[in-house]
$ cat query-v7.txt   # compact mmCIF, C-alpha atoms
# COMPACT_ATOMS: atom_id res chain seq x y z
CA MET A 1 0.00 0.00 0.00
CA SER A 2 1.51 3.30 -1.04
CA SER A 3 1.11 6.69 0.57
CA LEU A 4 0.87 5.50 4.16
CA THR A 5 1.52 8.08 6.84
CA PHE A 6 3.01 7.16 10.20
CA THR A 7 2.31 9.50 13.10
CA PRO A 8 2.94 9.04 16.83
CA MET A 9 -0.16 7.56 18.44
CA ASN A 10 -2.37 9.98 20.37
CA ASP A 11 -5.64 9.68 22.29
CA ASP A 12 -7.85 10.38 19.27
CA ALA A 13 -6.08 7.86 17.06
CA PHE A 14 -6.20 5.22 19.79
CA ALA A 15 -9.97 5.67 20.07
CA LEU A 16 -10.18 4.93 16.33
CA PHE A 17 -7.82 1.96 16.73
CA TRP A 18 -9.57 0.44 19.77
CA PRO A 19 -12.22 -1.57 17.85
CA THR A 20 -9.45 -3.22 15.83
CA PHE A 21 -7.39 -3.93 18.95
CA GLN A 22 -10.42 -5.29 20.77
CA ALA A 23 -11.48 -7.53 17.86
CA ILE A 24 -8.00 -8.98 17.41
CA VAL A 25 -7.49 -9.86 21.08
CA ALA A 26 -11.08 -11.18 21.39
CA GLU A 27 -10.40 -13.50 18.46
CA GLN A 28 -7.60 -15.22 20.43
CA GLN A 29 -5.76 -16.43 17.38
CA THR A 30 -2.66 -14.22 17.25
CA TYR A 31 -1.97 -12.20 20.41
CA ALA A 32 -1.29 -13.32 24.00
CA ILE A 33 -3.32 -10.46 25.45
CA ASP A 34 -6.27 -10.77 27.83
CA PRO A 35 -9.32 -10.89 25.51
CA ASP A 36 -11.27 -8.86 28.08
CA ILE A 37 -8.62 -6.17 28.50
CA SER A 38 -10.00 -2.73 29.35
CA TYR A 39 -9.57 0.32 27.16
CA GLN A 40 -7.25 1.90 29.71
CA ALA A 41 -5.11 -1.23 30.15
CA ALA A 42 -4.87 -1.58 26.37
CA TYR A 43 -3.80 2.05 26.08
CA THR A 44 -1.11 1.50 28.72
CA LEU A 45 0.10 -1.71 27.06
CA TRP A 46 0.12 -0.40 23.48
CA CYS A 47 0.89 3.30 23.91
CA GLU A 48 2.49 4.03 27.28
CA ALA A 49 4.74 1.08 28.10
CA PRO A 50 6.50 1.04 24.68
CA LYS A 51 9.19 3.44 23.57
CA ALA A 52 7.17 4.47 20.49
CA THR A 53 3.73 3.77 19.04
CA PHE A 54 2.54 4.78 15.59
CA ALA A 55 -0.88 5.21 14.03
CA VAL A 56 -0.84 4.42 10.32
CA LYS A 57 -3.26 6.04 7.89
CA ASP A 58 -3.79 5.62 4.15
CA ALA A 59 -3.91 8.36 1.55
CA SER A 60 -7.55 9.11 2.34
CA GLY A 61 -6.76 9.55 6.04
CA GLU A 62 -8.32 6.25 7.08
CA LEU A 63 -6.65 4.44 10.00
CA VAL A 64 -5.26 1.15 8.64
CA GLY A 65 -3.09 -0.05 11.50
CA SER A 66 -0.81 0.61 14.41
CA TYR A 67 2.40 -0.73 15.86
CA TYR A 68 4.48 -0.30 18.99
CA LEU A 69 8.22 -0.58 19.49
CA LYS A 70 9.95 -1.21 22.80
CA ALA A 71 13.09 -2.76 24.24
CA ASN A 72 12.61 -6.51 24.55
CA ALA A 73 14.67 -6.67 27.74
CA ALA A 74 16.51 -4.33 30.10
CA GLY A 75 20.16 -3.74 30.98
CA PRO A 76 22.47 -6.06 29.01
CA GLY A 77 19.53 -7.09 26.81
CA ASP A 78 18.29 -3.65 25.86
CA HIS A 79 19.91 -3.63 22.41
CA VAL A 80 17.15 -5.96 21.18
CA CYS A 81 13.75 -4.45 20.46
CA ASN A 82 10.29 -5.92 20.16
CA CYS A 83 7.30 -4.79 18.11
CA GLY A 84 3.64 -5.61 17.80
CA TYR A 85 1.59 -4.82 14.70
CA MET A 86 -2.17 -4.73 14.11
CA VAL A 87 -4.01 -4.04 10.85
CA THR A 88 -7.65 -3.03 10.61
CA ALA A 89 -9.96 -5.66 9.08
CA ALA A 90 -10.70 -3.43 6.08
CA ALA A 91 -7.02 -2.94 5.26
CA ARG A 92 -5.82 -6.55 5.38
CA GLY A 93 -3.95 -8.05 2.45
CA LYS A 94 -2.77 -4.67 1.20
CA GLY A 95 0.79 -4.63 2.47
CA VAL A 96 0.16 -2.62 5.63
CA ALA A 97 1.89 -5.13 7.93
CA ARG A 98 4.91 -5.22 5.64
CA ALA A 99 5.06 -1.43 5.54
CA MET A 100 4.77 -1.21 9.32
CA CYS A 101 7.50 -3.79 9.87
CA GLU A 102 9.83 -2.02 7.47
CA HIS A 103 9.08 1.33 9.14
CA SER A 104 9.67 -0.16 12.58
CA GLN A 105 13.07 -1.48 11.55
CA GLN A 106 14.08 1.99 10.44
CA VAL A 107 12.86 3.52 13.70
CA ALA A 108 14.60 0.80 15.69
CA GLN A 109 17.90 1.50 14.00
CA THR A 110 17.48 5.23 14.59
CA LEU A 111 16.93 4.46 18.28
CA GLY A 112 20.11 2.37 18.35
CA PHE A 113 18.65 -1.12 18.53
CA LYS A 114 20.81 -3.86 17.02
CA ALA A 115 18.16 -6.55 16.56
CA MET A 116 14.41 -7.13 16.57
CA GLN A 117 12.76 -10.08 18.28
CA PHE A 118 9.18 -11.36 18.27
CA ASN A 119 8.69 -13.54 21.33
CA ALA A 120 5.54 -15.45 20.49
CA VAL A 121 4.45 -15.58 16.86
CA VAL A 122 1.57 -18.05 16.84
CA SER A 123 2.71 -20.86 14.53
CA THR A 124 -0.70 -21.21 12.89
CA ASN A 125 -0.61 -17.53 11.88
CA GLU A 126 1.06 -18.63 8.66
CA VAL A 127 0.58 -15.33 6.86
CA ALA A 128 2.53 -13.52 9.56
CA VAL A 129 5.24 -16.17 9.87
CA ALA A 130 5.80 -16.13 6.10
CA LEU A 131 5.82 -12.34 5.95
CA TRP A 132 8.37 -11.99 8.74
CA GLN A 133 10.53 -14.60 7.03
CA ARG A 134 10.35 -12.71 3.73
CA LEU A 135 11.43 -9.60 5.64
CA GLY A 136 14.54 -11.38 6.94
CA PHE A 137 13.42 -12.76 10.30
CA ASN A 138 14.50 -16.24 11.32
CA ILE A 139 12.64 -18.69 13.53
CA VAL A 140 15.19 -19.13 16.33
CA GLY A 141 12.97 -21.13 18.65
CA THR A 142 9.61 -22.84 18.95
CA VAL A 143 7.76 -23.20 22.24
CA PRO A 144 5.42 -26.20 22.31
CA HIS A 145 1.76 -25.48 22.96
CA ALA A 146 2.41 -22.02 24.38
CA TYR A 147 -0.78 -20.53 22.90
CA ARG A 148 -4.38 -21.62 23.40
CA HIS A 149 -5.84 -20.86 19.97
CA ALA A 150 -9.59 -20.17 20.11
CA THR A 151 -10.46 -22.70 17.44
CA LEU A 152 -7.37 -24.92 17.06
CA GLY A 153 -6.58 -25.48 20.74
CA PRO A 154 -2.99 -25.51 22.02
CA VAL A 155 -0.55 -24.49 19.30
CA ASP A 156 3.16 -23.69 19.22
CA THR A 157 4.67 -20.21 19.19
CA HIS A 158 7.81 -19.15 17.40
CA VAL A 159 10.56 -16.84 18.59
CA MET A 160 11.56 -14.85 15.51
CA HIS A 161 14.64 -12.66 15.24
CA LYS A 162 16.46 -10.36 12.85
CA LEU A 163 19.75 -8.52 13.19
CA LEU A 164 19.28 -4.89 12.15
CA MET R 1 20.73 -28.17 50.96
CA SER R 2 18.25 -29.63 53.42
CA SER R 3 15.93 -27.80 55.79
CA LEU R 4 15.25 -24.82 53.59
CA THR R 5 12.19 -22.75 54.43
CA PHE R 6 10.21 -20.88 51.80
CA THR R 7 8.16 -17.92 52.96
CA PRO R 8 6.39 -15.23 50.94
CA MET R 9 8.73 -12.28 50.44
CA ASN R 10 8.12 -9.25 52.66
CA ASP R 11 9.78 -5.87 53.10
CA ASP R 12 12.24 -7.06 55.74
CA ALA R 13 13.33 -10.07 53.72
CA PHE R 14 13.74 -7.97 50.59
CA ALA R 15 16.02 -5.59 52.48
CA LEU R 16 18.18 -8.62 53.34
CA PHE R 17 18.01 -9.84 49.73
CA TRP R 18 18.78 -6.49 48.09
CA PRO R 19 22.62 -6.73 48.30
CA THR R 20 22.43 -10.09 46.49
CA PHE R 21 20.05 -8.73 43.86
CA GLN R 22 22.19 -5.65 43.36
CA ALA R 23 25.44 -7.63 43.07
CA ILE R 24 23.97 -10.06 40.54
CA VAL R 25 22.55 -7.39 38.24
CA ALA R 26 25.69 -5.23 38.58
CA GLU R 27 27.77 -8.22 37.45
CA GLN R 28 25.89 -8.29 34.09
CA GLN R 29 26.57 -11.93 33.44
CA THR R 30 23.19 -13.60 33.98
CA TYR R 31 20.21 -11.22 34.19
CA ALA R 32 18.83 -8.74 31.65
CA ILE R 33 18.06 -6.17 34.33
CA ASP R 34 19.31 -2.57 34.45
CA PRO R 35 22.53 -2.78 36.52
CA ASP R 36 21.70 0.58 38.08
CA ILE R 37 18.12 -0.34 39.00
CA SER R 38 16.80 1.41 42.12
CA TYR R 39 15.71 -0.40 45.27
CA GLN R 40 12.08 0.54 44.63
CA ALA R 41 12.14 -0.54 40.98
CA ALA R 42 13.78 -3.82 41.97
CA TYR R 43 11.10 -4.37 44.62
CA THR R 44 8.38 -3.75 42.04
CA LEU R 45 10.04 -6.05 39.49
CA TRP R 46 10.82 -8.90 41.88
CA CYS R 47 8.01 -8.70 44.44
CA GLU R 48 5.03 -6.74 43.12
CA ALA R 49 4.72 -7.58 39.41
CA PRO R 50 4.98 -11.38 39.90
CA LYS R 51 2.19 -13.62 41.14
CA ALA R 52 4.37 -14.94 43.99
CA THR R 53 7.82 -14.26 45.42
CA PHE R 54 9.57 -16.36 48.05
CA ALA R 55 12.42 -15.71 50.45
CA VAL R 56 14.43 -18.85 51.15
CA LYS R 57 16.28 -19.39 54.41
CA ASP R 58 18.49 -22.17 55.68
CA ALA R 59 18.16 -24.05 58.96
CA SER R 60 19.99 -21.30 60.83
CA GLY R 61 17.60 -18.66 59.50
CA GLU R 62 20.10 -17.19 57.06
CA LEU R 63 18.68 -15.87 53.77
CA VAL R 64 20.12 -18.02 50.97
CA GLY R 65 18.02 -16.97 47.99
CA SER R 66 14.79 -15.80 46.48
CA TYR R 67 12.65 -16.50 43.47
CA TYR R 68 9.59 -15.05 41.77
CA LEU R 69 6.87 -16.76 39.75
CA LYS R 70 4.57 -15.05 37.25
CA ALA R 71 2.59 -15.74 34.11
CA ASN R 72 4.91 -15.50 31.10
CA ALA R 73 2.15 -14.05 28.92
CA ALA R 74 -1.48 -12.95 29.20
CA GLY R 75 -4.76 -14.24 27.78
CA PRO R 76 -4.25 -17.33 25.61
CA GLY R 77 -0.65 -17.57 26.82
CA ASP R 78 -1.30 -17.38 30.55
CA HIS R 79 -0.96 -21.13 31.15
CA VAL R 80 2.82 -20.80 30.87
CA CYS R 81 4.71 -19.37 33.84
CA ASN R 82 8.10 -17.79 34.21
CA CYS R 83 10.46 -17.72 37.20
CA GLY R 84 13.67 -15.99 38.19
CA TYR R 85 16.01 -17.33 40.87
CA MET R 86 18.86 -15.71 42.76
CA VAL R 87 21.18 -17.30 45.32
CA THR R 88 23.32 -15.38 47.81
CA ALA R 89 27.07 -15.57 47.19
CA ALA R 90 27.62 -17.45 50.44
CA ALA R 91 25.09 -20.15 49.58
CA ARG R 92 26.21 -21.01 46.05
CA GLY R 93 26.98 -24.59 45.10
CA LYS R 94 24.79 -26.02 47.84
CA GLY R 95 21.69 -26.95 45.88
CA VAL R 96 19.67 -23.83 46.64
CA ALA R 97 18.85 -23.10 42.99
CA ARG R 98 17.75 -26.70 42.45
CA ALA R 99 15.56 -26.57 45.57
CA MET R 100 14.02 -23.25 44.47
CA CYS R 101 13.30 -24.53 40.97
CA GLU R 102 11.68 -27.68 42.31
CA HIS R 103 9.63 -25.62 44.79
CA SER R 104 8.56 -23.24 42.04
CA GLN R 105 7.34 -26.09 39.86
CA GLN R 106 5.15 -27.30 42.72
CA VAL R 107 3.77 -23.80 43.30
CA ALA R 108 3.19 -23.35 39.57
CA GLN R 109 1.18 -26.55 39.36
CA THR R 110 -0.86 -25.51 42.39
CA LEU R 111 -1.62 -22.23 40.63
CA GLY R 112 -2.74 -24.13 37.52
CA PHE R 113 0.18 -23.44 35.19
CA LYS R 114 0.83 -26.11 32.56
CA ALA R 115 4.41 -25.23 31.64
CA MET R 116 7.39 -23.16 32.77
CA GLN R 117 9.49 -21.05 30.43
CA PHE R 118 12.74 -19.16 30.89
CA ASN R 119 13.01 -16.52 28.18
CA ALA R 120 16.68 -15.61 28.26
CA VAL R 121 19.06 -18.01 29.96
CA VAL R 122 22.49 -16.62 29.16
CA SER R 123 24.24 -19.38 27.21
CA THR R 124 27.55 -18.85 28.98
CA ASN R 125 25.88 -19.44 32.36
CA GLU R 126 26.69 -23.12 31.92
CA VAL R 127 25.96 -24.07 35.51
CA ALA R 128 22.40 -22.79 35.18
CA VAL R 129 21.82 -24.27 31.72
CA ALA R 130 23.01 -27.69 32.90
CA LEU R 131 20.94 -27.52 36.08
CA TRP R 132 17.74 -26.62 34.24
CA GLN R 133 18.40 -29.44 31.79
CA ARG R 134 18.89 -31.92 34.65
CA LEU R 135 15.56 -30.71 36.05
CA GLY R 136 13.79 -31.52 32.79
CA PHE R 137 13.94 -28.24 30.89
CA ASN R 138 14.69 -28.26 27.16
CA ILE R 139 16.42 -25.60 25.12
CA VAL R 140 13.66 -24.74 22.62
CA GLY R 141 15.36 -21.74 21.08
CA THR R 142 18.58 -19.76 20.99
CA VAL R 143 18.68 -16.03 20.28
CA PRO R 144 21.98 -14.91 18.76
CA HIS R 145 23.92 -12.26 20.68
CA ALA R 146 20.90 -11.19 22.74
CA TYR R 147 22.97 -10.50 25.88
CA ARG R 148 25.92 -8.14 26.35
CA HIS R 149 27.99 -10.10 28.86
CA ALA R 150 30.20 -7.84 30.98
CA THR R 151 33.39 -9.77 30.27
CA LEU R 152 32.59 -11.98 27.25
CA GLY R 153 30.78 -9.43 25.09
CA PRO R 154 27.70 -10.39 23.03
CA VAL R 155 26.55 -13.92 23.84
CA ASP R 156 23.50 -15.98 22.95
CA THR R 157 20.51 -16.58 25.19
CA HIS R 158 18.45 -19.74 25.38
CA VAL R 159 14.70 -20.11 25.66
CA MET R 160 14.18 -23.04 28.03
CA HIS R 161 10.89 -24.83 28.60
CA LYS R 162 9.35 -27.63 30.62
CA LEU R 163 5.83 -29.03 30.58
CA LEU R 164 4.60 -29.35 34.17
$ encode --input "query-v7.txt" --output "structure tokens"
Amino acid sequence: MSSLTFTPMNDDAFALFWPTFQAIVAEQQTYAIDPDISYQAAYTLWCEAPKATFAVKDASGELVGSYYLKANAAGPGDHVCNCGYMVTAAARGKGVARAMCEHSQQVAQTLGFKAMQFNAVVSTNEVAVALWQRLGFNIVGTVPHAYRHATLGPVDTHVMHKLL
Amino acid sequence: MSSLTFTPMNDDAFALFWPTFQAIVAEQQTYAIDPDISYQAAYTLWCEAPKATFAVKDASGELVGSYYLKANAAGPGDHVCNCGYMVTAAARGKGVARAMCEHSQQVAQTLGFKAMQFNAVVSTNEVAVALWQRLGFNIVGTVPHAYRHATLGPVDTHVMHKLL
């Protein structure tokens, strides 16, 4: 998708993003987040705890997604960052996740991070796994049955990693 | 080490434990924690954020270690727990870590957890890696250069996992 704009998340954009966030966590197929999380707790998790959070809009100004970026660990592990990405239902399959991941790698490098790590990519989320692999991430570990998928039951999660 | 007692951590016990905590994180060889972490932030991290934290004393009432137990993820990932263990310098090599890990597995099962995961066991901490393996943990992933070891430089970390 061309002509995406990335702006730091603010209260108004998060209100627009909330239905997407809520639907994705309620689905329980991709994120290890409490499906009943409150608006305020979601805001803290997605916007306050991370180092940076972006709202992504298309050329017509429609919100199409959001991502956060944070250190994946502290102290001697704080050179590795972690991101989470969510795309609105209407914008799926249009390259938004790819654009967000590429943007996040640029931001991460600007912030001095040396690598990016995803801690729990649900193995049955094949679209995501394949996309991250195309973008240069490797599966460096697989945790057996670490995710209770809403329809498939216990499924594995992958640790995925890329040097920046 | 026989005759260890495990009691829920309290303010007094944490004050006794703090020099051990501080020395271990300052060493930057095993934990991805800010080496300059404040007392209050350490208390929050070790005692308030987790689901349970124990102070461990020997038969003479001397503090020999502490561990925390928490969920490793939320929502559909909250059946996997995570623990961190620290042993005082004076009590090393006496089986305290083994006793704490075994105790934590019991507590985890009581709390309903189905598995235990360590997210970043520093690969050069061979004593720990071997102990966790003897206690039934598997290395399910290895993240390249995810830890800046104070004397060895960038070293790998292992994701270790055990079904309970």
$ calpha_fit_and_write --input "query-v7.txt" --fixed "chain R" --moving "chain A" --output "compact mmCIF listing (two decimals) with C-alpha atoms, in the frame of the given file"
# COMPACT_ATOMS: atom_id res chain seq x y z
CA MET A 1 20.72 -28.18 50.95
CA SER A 2 18.24 -29.62 53.41
CA SER A 3 15.94 -27.80 55.79
CA LEU A 4 15.24 -24.80 53.58
CA THR A 5 12.19 -22.75 54.44
CA PHE A 6 10.21 -20.89 51.80
CA THR A 7 8.16 -17.92 52.96
CA PRO A 8 6.37 -15.23 50.93
CA MET A 9 8.71 -12.28 50.44
CA ASN A 10 8.10 -9.26 52.66
CA ASP A 11 9.77 -5.87 53.10
CA ASP A 12 12.24 -7.07 55.74
CA ALA A 13 13.34 -10.08 53.73
CA PHE A 14 13.73 -7.97 50.59
CA ALA A 15 16.04 -5.60 52.47
CA LEU A 16 18.20 -8.62 53.33
CA PHE A 17 18.01 -9.85 49.72
CA TRP A 18 18.81 -6.49 48.09
CA PRO A 19 22.63 -6.75 48.28
CA THR A 20 22.46 -10.09 46.48
CA PHE A 21 20.06 -8.73 43.86
CA GLN A 22 22.19 -5.64 43.36
CA ALA A 23 25.44 -7.63 43.04
CA ILE A 24 23.98 -10.06 40.53
CA VAL A 25 22.54 -7.39 38.23
CA ALA A 26 25.69 -5.23 38.56
CA GLU A 27 27.76 -8.21 37.44
CA GLN A 28 25.89 -8.29 34.09
CA GLN A 29 26.57 -11.93 33.44
CA THR A 30 23.19 -13.60 33.98
CA TYR A 31 20.21 -11.22 34.18
CA ALA A 32 18.82 -8.73 31.64
CA ILE A 33 18.04 -6.17 34.33
CA ASP A 34 19.29 -2.58 34.46
CA PRO A 35 22.52 -2.79 36.52
CA ASP A 36 21.67 0.58 38.08
CA ILE A 37 18.10 -0.34 39.01
CA SER A 38 16.79 1.40 42.12
CA TYR A 39 15.71 -0.40 45.26
CA GLN A 40 12.09 0.53 44.63
CA ALA A 41 12.14 -0.55 40.97
CA ALA A 42 13.78 -3.83 41.98
CA TYR A 43 11.11 -4.38 44.62
CA THR A 44 8.38 -3.76 42.04
CA LEU A 45 10.03 -6.06 39.49
CA TRP A 46 10.81 -8.92 41.89
CA CYS A 47 8.01 -8.70 44.45
CA GLU A 48 5.03 -6.76 43.12
CA ALA A 49 4.73 -7.58 39.42
CA PRO A 50 4.97 -11.38 39.90
CA LYS A 51 2.19 -13.61 41.14
CA ALA A 52 4.36 -14.94 44.00
CA THR A 53 7.82 -14.27 45.42
CA PHE A 54 9.57 -16.37 48.04
CA ALA A 55 12.42 -15.70 50.44
CA VAL A 56 14.43 -18.85 51.14
CA LYS A 57 16.28 -19.37 54.41
CA ASP A 58 18.49 -22.19 55.67
CA ALA A 59 18.15 -24.05 58.95
CA SER A 60 19.98 -21.30 60.83
CA GLY A 61 17.59 -18.66 59.49
CA GLU A 62 20.10 -17.19 57.05
CA LEU A 63 18.67 -15.86 53.76
CA VAL A 64 20.11 -18.02 50.95
CA GLY A 65 18.02 -16.97 47.98
CA SER A 66 14.79 -15.80 46.47
CA TYR A 67 12.64 -16.50 43.46
CA TYR A 68 9.58 -15.05 41.77
CA LEU A 69 6.87 -16.76 39.75
CA LYS A 70 4.58 -15.05 37.27
CA ALA A 71 2.60 -15.74 34.11
CA ASN A 72 4.91 -15.51 31.11
CA ALA A 73 2.17 -14.05 28.92
CA ALA A 74 -1.45 -12.95 29.19
CA GLY A 75 -4.75 -14.22 27.79
CA PRO A 76 -4.25 -17.32 25.62
CA GLY A 77 -0.64 -17.57 26.84
CA ASP A 78 -1.28 -17.39 30.56
CA HIS A 79 -0.97 -21.14 31.16
CA VAL A 80 2.82 -20.79 30.87
CA CYS A 81 4.70 -19.36 33.84
CA ASN A 82 8.10 -17.79 34.21
CA CYS A 83 10.47 -17.72 37.18
CA GLY A 84 13.66 -15.99 38.19
CA TYR A 85 16.00 -17.33 40.86
CA MET A 86 18.87 -15.71 42.76
CA VAL A 87 21.18 -17.31 45.32
CA THR A 88 23.30 -15.39 47.80
CA ALA A 89 27.07 -15.57 47.18
CA ALA A 90 27.63 -17.45 50.45
CA ALA A 91 25.10 -20.15 49.58
CA ARG A 92 26.21 -21.01 46.05
CA GLY A 93 26.98 -24.59 45.10
CA LYS A 94 24.78 -26.01 47.84
CA GLY A 95 21.69 -26.96 45.88
CA VAL A 96 19.66 -23.84 46.64
CA ALA A 97 18.86 -23.11 42.98
CA ARG A 98 17.74 -26.70 42.46
CA ALA A 99 15.56 -26.56 45.56
CA MET A 100 14.02 -23.26 44.47
CA CYS A 101 13.29 -24.54 40.97
CA GLU A 102 11.68 -27.69 42.32
CA HIS A 103 9.62 -25.62 44.79
CA SER A 104 8.56 -23.23 42.03
CA GLN A 105 7.33 -26.09 39.87
CA GLN A 106 5.14 -27.30 42.71
CA VAL A 107 3.76 -23.80 43.29
CA ALA A 108 3.20 -23.35 39.57
CA GLN A 109 1.19 -26.54 39.36
CA THR A 110 -0.86 -25.52 42.40
CA LEU A 111 -1.61 -22.23 40.63
CA GLY A 112 -2.73 -24.12 37.52
CA PHE A 113 0.18 -23.43 35.20
CA LYS A 114 0.83 -26.10 32.58
CA ALA A 115 4.41 -25.21 31.66
CA MET A 116 7.39 -23.15 32.78
CA GLN A 117 9.48 -21.05 30.42
CA PHE A 118 12.75 -19.16 30.90
CA ASN A 119 13.01 -16.53 28.18
CA ALA A 120 16.67 -15.62 28.26
CA VAL A 121 19.07 -18.01 29.96
CA VAL A 122 22.50 -16.61 29.16
CA SER A 123 24.26 -19.38 27.21
CA THR A 124 27.57 -18.85 28.99
CA ASN A 125 25.88 -19.44 32.36
CA GLU A 126 26.69 -23.12 31.93
CA VAL A 127 25.95 -24.07 35.52
CA ALA A 128 22.40 -22.79 35.18
CA VAL A 129 21.83 -24.26 31.72
CA ALA A 130 23.02 -27.68 32.91
CA LEU A 131 20.95 -27.52 36.09
CA TRP A 132 17.75 -26.62 34.25
CA GLN A 133 18.41 -29.44 31.81
CA ARG A 134 18.89 -31.91 34.66
CA LEU A 135 15.57 -30.70 36.06
CA GLY A 136 13.80 -31.51 32.78
CA PHE A 137 13.93 -28.22 30.88
CA ASN A 138 14.67 -28.26 27.17
CA ILE A 139 16.42 -25.59 25.13
CA VAL A 140 13.66 -24.74 22.64
CA GLY A 141 15.36 -21.75 21.08
CA THR A 142 18.58 -19.75 21.00
CA VAL A 143 18.68 -16.03 20.27
CA PRO A 144 21.99 -14.90 18.77
CA HIS A 145 23.91 -12.26 20.69
CA ALA A 146 20.90 -11.18 22.74
CA TYR A 147 22.97 -10.50 25.88
CA ARG A 148 25.92 -8.15 26.34
CA HIS A 149 28.00 -10.11 28.86
CA ALA A 150 30.21 -7.84 30.98
CA THR A 151 33.39 -9.75 30.25
CA LEU A 152 32.60 -11.97 27.24
CA GLY A 153 30.78 -9.42 25.08
CA PRO A 154 27.70 -10.38 23.04
CA VAL A 155 26.56 -13.91 23.85
CA ASP A 156 23.51 -15.99 22.95
CA THR A 157 20.51 -16.58 25.19
CA HIS A 158 18.45 -19.73 25.38
CA VAL A 159 14.70 -20.10 25.67
CA MET A 160 14.19 -23.05 28.02
CA HIS A 161 10.89 -24.82 28.61
CA LYS A 162 9.34 -27.63 30.62
CA LEU A 163 5.83 -29.04 30.60
CA LEU A 164 4.57 -29.35 34.18
$ closest_atom_pairs --input "query-v7.txt" --of "range 2-29 of chain R" --to "range 67-83 of chain R" --cutoff "12 Å" --atoms "all atoms listed in the file" --output "JSON lines"
{"residue": "R:Phe6", "atom": "CA", "partner": "R:Tyr67", "partner_atom": "CA", "distance": 9.7}
{"residue": "R:Thr7", "atom": "CA", "partner": "R:Tyr67", "partner_atom": "CA", "distance": 10.6}
{"residue": "R:Pro8", "atom": "CA", "partner": "R:Tyr68", "partner_atom": "CA", "distance": 9.7}
{"residue": "R:Met9", "atom": "CA", "partner": "R:Tyr67", "partner_atom": "CA", "distance": 9.0}
{"residue": "R:Phe14", "atom": "CA", "partner": "R:Tyr67", "partner_atom": "CA", "distance": 11.2}
{"residue": "R:Phe17", "atom": "CA", "partner": "R:Tyr67", "partner_atom": "CA", "distance": 10.6}
{"residue": "R:Phe21", "atom": "CA", "partner": "R:Tyr67", "partner_atom": "CA", "distance": 10.7}
$ closest_atom_pairs --input "query-v7.txt" --of "chain A" --to "chain R" --cutoff "9 Å" --atoms "only C-alpha atoms" --output "Markdown table"
| residue | atom | partner | partner_atom | distance |
| --- | --- | --- | --- | --- |
| A:Val25 | CA | R:Gly75 | CA | 8.5 |
| A:Gln28 | CA | R:Pro76 | CA | 6.5 |
| A:Gln29 | CA | R:Pro76 | CA | 8.4 |
| A:Tyr31 | CA | R:Pro76 | CA | 7.7 |
| A:Ala32 | CA | R:Gly77 | CA | 5.1 |
| A:Ile33 | CA | R:Gly75 | CA | 4.7 |
| A:Asp34 | CA | R:Gly75 | CA | 3.8 |
| A:Pro35 | CA | R:Gly75 | CA | 6.1 |
| A:Asp36 | CA | R:Gly75 | CA | 8.5 |
| A:Ile37 | CA | R:Gly75 | CA | 9.0 |
| A:Ala73 | CA | R:Ala32 | CA | 6.1 |
| A:Ala74 | CA | R:Ile33 | CA | 4.9 |
| A:Gly75 | CA | R:Asp34 | CA | 3.8 |
| A:Pro76 | CA | R:Arg148 | CA | 4.8 |
| A:Gly77 | CA | R:Tyr147 | CA | 4.9 |
| A:Asp78 | CA | R:Ala32 | CA | 7.7 |
| A:His79 | CA | R:Ala146 | CA | 7.6 |
| A:Val80 | CA | R:Ala146 | CA | 6.6 |
| A:Ala115 | CA | R:Ala146 | CA | 8.2 |
| A:Gln117 | CA | R:Val143 | CA | 8.6 |
| A:Asn119 | CA | R:Asn119 | CA | 8.6 |
| A:Ile139 | CA | R:Gly141 | CA | 8.6 |
| A:Val140 | CA | R:Gly141 | CA | 5.4 |
| A:Gly141 | CA | R:Gly141 | CA | 3.5 |
| A:Thr142 | CA | R:Val140 | CA | 5.8 |
| A:Val143 | CA | R:Val140 | CA | 6.1 |
| A:Pro144 | CA | R:Val140 | CA | 8.4 |
| A:Ala146 | CA | R:Gly77 | CA | 5.9 |
| A:Tyr147 | CA | R:Gly77 | CA | 4.9 |
| A:Arg148 | CA | R:Pro76 | CA | 4.8 |
| A:His149 | CA | R:Pro76 | CA | 6.8 |
| A:Ala150 | CA | R:Pro76 | CA | 8.2 |
| A:His158 | CA | R:Gly141 | CA | 8.8 |
| A:Val159 | CA | R:Gly141 | CA | 7.3 |
| A:Met160 | CA | R:Val143 | CA | 8.7 |
| A:His161 | CA | R:Val143 | CA | 7.3 |
| A:Leu163 | CA | R:Pro144 | CA | 8.8 |
$ atom_distance --input "query-v7.txt" --atom1 "CA of Tyr85 in chain A" --atom2 "CA of Ala97 in chain A"
6.8 Å
$ closest_residue --input "query-v7.txt" --among "A:Val64, A:Ala55, A:Leu16, A:Leu131" --to "Tyr39 in chain A" --atoms "only C-alpha atoms"
A:Leu16
$ closest_residue --input "query-v7.txt" --among "A:Val96, A:Thr151, A:Tyr43, A:Gln106" --to "Val56 in chain A" --atoms "only C-alpha atoms"
A:Val96
$ atom_distance --input "query-v7.txt" --atom1 "CA of Asp11 in chain R" --atom2 "CA of Leu63 in chain R"
13.4 Å
$ atom_distance --input "query-v7.txt" --atom1 "CA of Ala41 in chain R" --atom2 "CA of Thr20 in chain R"
15.1 Å
$ axis_aligned_box --input "query-v7.txt" --around "range 17-26 of chain A" --padding-each-side "3 Å" --output "AutoDock Vina command-line options"
--center_x -9.8 --center_y -4.6 --center_z 18.6 --size_x 10.8 --size_y 19.1 --size_z 11.6
$ closest_residue --input "query-v7.txt" --among "R:Ser60, R:Thr5, R:Thr124, R:Asn10" --to "Thr44 in chain R" --atoms "all atoms listed in the file"
R:Asn10
$ residues_near_point --input "query-v7.txt" --point "(-0.2, 6.2, 1.0)" --cutoff "9 Å" --atoms "only C-alpha atoms" --output "list of chain:residue names"
A:Met1, A:Ser2, A:Ser3, A:Leu4, A:Thr5, A:Lys57, A:Asp58, A:Ala59, A:Ser60, A:Gly61
